[in-house]
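Asker: First the structure, which I've put down as structure tokens, then a few questions once you've had a look.
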Amino acid sequence: MSTDAETSWHTGSGFVRRGMTVIDSDGAVLGVVDRVEGQEVLLAEAGHPFVTVSEIDGIDGDRILLAPRGDATFGLGAEP
């Protein structure tokens with residue numbers, strides 16, 4: 001039998017649980033959460049093997065919504 005520690009992981013955006021649907025900023029389903037390893041959310045079934053925790057824009061029920069720009073650190077400190 002699985003324990004909560006094996007099926008849910010705390011992130012800065014909230015709790016990520018096995019089986020949650022990951023949705024990109026355009027509304028496309030990327031896959032379903034299998035597990036979290038370090039800063040990567042590994043997907044069980046998808047063309048994308050993982051997303052990073054920093055890409056999470058929010059959690060809505062059983063859905064993980066990704067930020068429109070991807071990695072939240074992209075472009076920080078860059079000069080125009």
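Note on naming: chains are A, B, ... as they come in the structure tokens, residues start from 1 per chain, ligands start from 1 in the order shown.
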So that I can check the surroundings of segment 11-23 of chain A, please list as a PyMOL selection string every protein, DNA and RNA residue that reaches within 7 Å of it, counting only C-alpha atoms and ignoring chain neighbours fewer than 2 positions away.
Answerer: chain A and resi 7-9+25+27-35+56+58-59+62-66
Asker: Write the residues of the preceding selection, restricted to N, CA and C atoms, as a short mmCIF file (atom, residue, chain, number, x, y, z; two decimals), in the first residue's frame.
Answerer:
```cif
data_model
loop_
_atom_site.label_atom_id
_atom_site.label_comp_id
_atom_site.auth_asym_id
_atom_site.auth_seq_id
_atom_site.Cartn_x
_atom_site.Cartn_y
_atom_site.Cartn_z
N THR A 7 3.11 9.29 -2.75
CA THR A 7 2.15 9.70 -3.77
C THR A 7 1.92 11.21 -3.84
N SER A 8 2.55 11.98 -2.95
CA SER A 8 2.44 13.43 -3.03
C SER A 8 3.74 14.07 -2.60
N TRP A 9 4.03 15.23 -3.22
CA TRP A 9 5.27 15.93 -2.97
C TRP A 9 4.98 17.41 -2.82
N SER A 25 0.60 26.03 -21.07
CA SER A 25 -0.05 27.35 -21.07
C SER A 25 -1.05 27.51 -22.20
N GLY A 27 -3.18 25.09 -22.95
CA GLY A 27 -4.29 24.20 -22.63
C GLY A 27 -4.11 22.77 -23.08
N ALA A 28 -2.96 22.44 -23.67
CA ALA A 28 -2.71 21.06 -24.11
C ALA A 28 -2.25 20.19 -22.95
N VAL A 29 -2.76 18.98 -22.88
CA VAL A 29 -2.36 18.04 -21.85
C VAL A 29 -1.01 17.45 -22.23
N LEU A 30 -0.03 17.57 -21.31
CA LEU A 30 1.30 17.04 -21.56
C LEU A 30 1.46 15.62 -21.02
N GLY A 31 0.68 15.29 -20.00
CA GLY A 31 0.80 13.96 -19.41
C GLY A 31 0.24 13.94 -18.01
N VAL A 32 0.55 12.84 -17.32
CA VAL A 32 0.07 12.61 -15.96
C VAL A 32 1.28 12.39 -15.06
N VAL A 33 1.25 12.96 -13.86
CA VAL A 33 2.37 12.85 -12.92
C VAL A 33 2.56 11.40 -12.48
N ASP A 34 3.80 10.95 -12.58
CA ASP A 34 4.19 9.66 -12.05
C ASP A 34 4.86 9.85 -10.69
N ARG A 35 5.84 10.77 -10.67
CA ARG A 35 6.55 11.04 -9.41
C ARG A 35 7.36 12.32 -9.55
N ILE A 56 5.86 25.34 -12.99
CA ILE A 56 4.49 25.31 -12.47
C ILE A 56 4.01 26.72 -12.17
N GLY A 58 0.58 27.14 -11.34
CA GLY A 58 -0.44 26.95 -10.32
C GLY A 58 -0.96 25.54 -10.31
N ILE A 59 -1.68 25.24 -9.25
CA ILE A 59 -2.30 23.93 -9.10
C ILE A 59 -3.78 24.17 -8.86
N ASP A 62 -6.97 18.72 -9.48
CA ASP A 62 -6.10 17.64 -9.95
C ASP A 62 -5.33 18.03 -11.20
N ARG A 63 -5.17 19.34 -11.43
CA ARG A 63 -4.45 19.81 -12.61
C ARG A 63 -3.28 20.69 -12.21
N ILE A 64 -2.17 20.50 -12.91
CA ILE A 64 -1.00 21.36 -12.75
C ILE A 64 -0.94 22.24 -13.99
N LEU A 65 -0.97 23.54 -13.78
CA LEU A 65 -0.95 24.50 -14.88
C LEU A 65 0.45 25.07 -15.01
N LEU A 66 1.00 25.04 -16.22
CA LEU A 66 2.35 25.53 -16.44
C LEU A 66 2.35 26.99 -16.86
#
```
Asker: Using only C-alpha atoms, can you tell me which of A:Pro68, A:Leu43, A:Glu6, A:Gly38 comes closest to Glu55 of chain A?
Answerer: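 Of all the options, A:Pro68 lies closest to Glu55 of chain A.
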Asker: Mind checking DSSP for segment 4-79 of chain A and telling me the strand (DSSP E or B) residues as a count of residues only?
Answerer: 36
Asker: In Å, rounded to a single decimal, give me how far atom CA of Val51 of chain A is from atom CA of Asp24 of chain A.
Answerer: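 Rounded to one decimal, the two atoms are 10.0 Å apart.
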Asker: Would you mind reading off the distance between atom CA of Glu40 of chain A and atom CA of Asp60 of chain A, one decimal, in Å?
Answerer: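 That distance, rounded to one decimal, is 18.9 Å.
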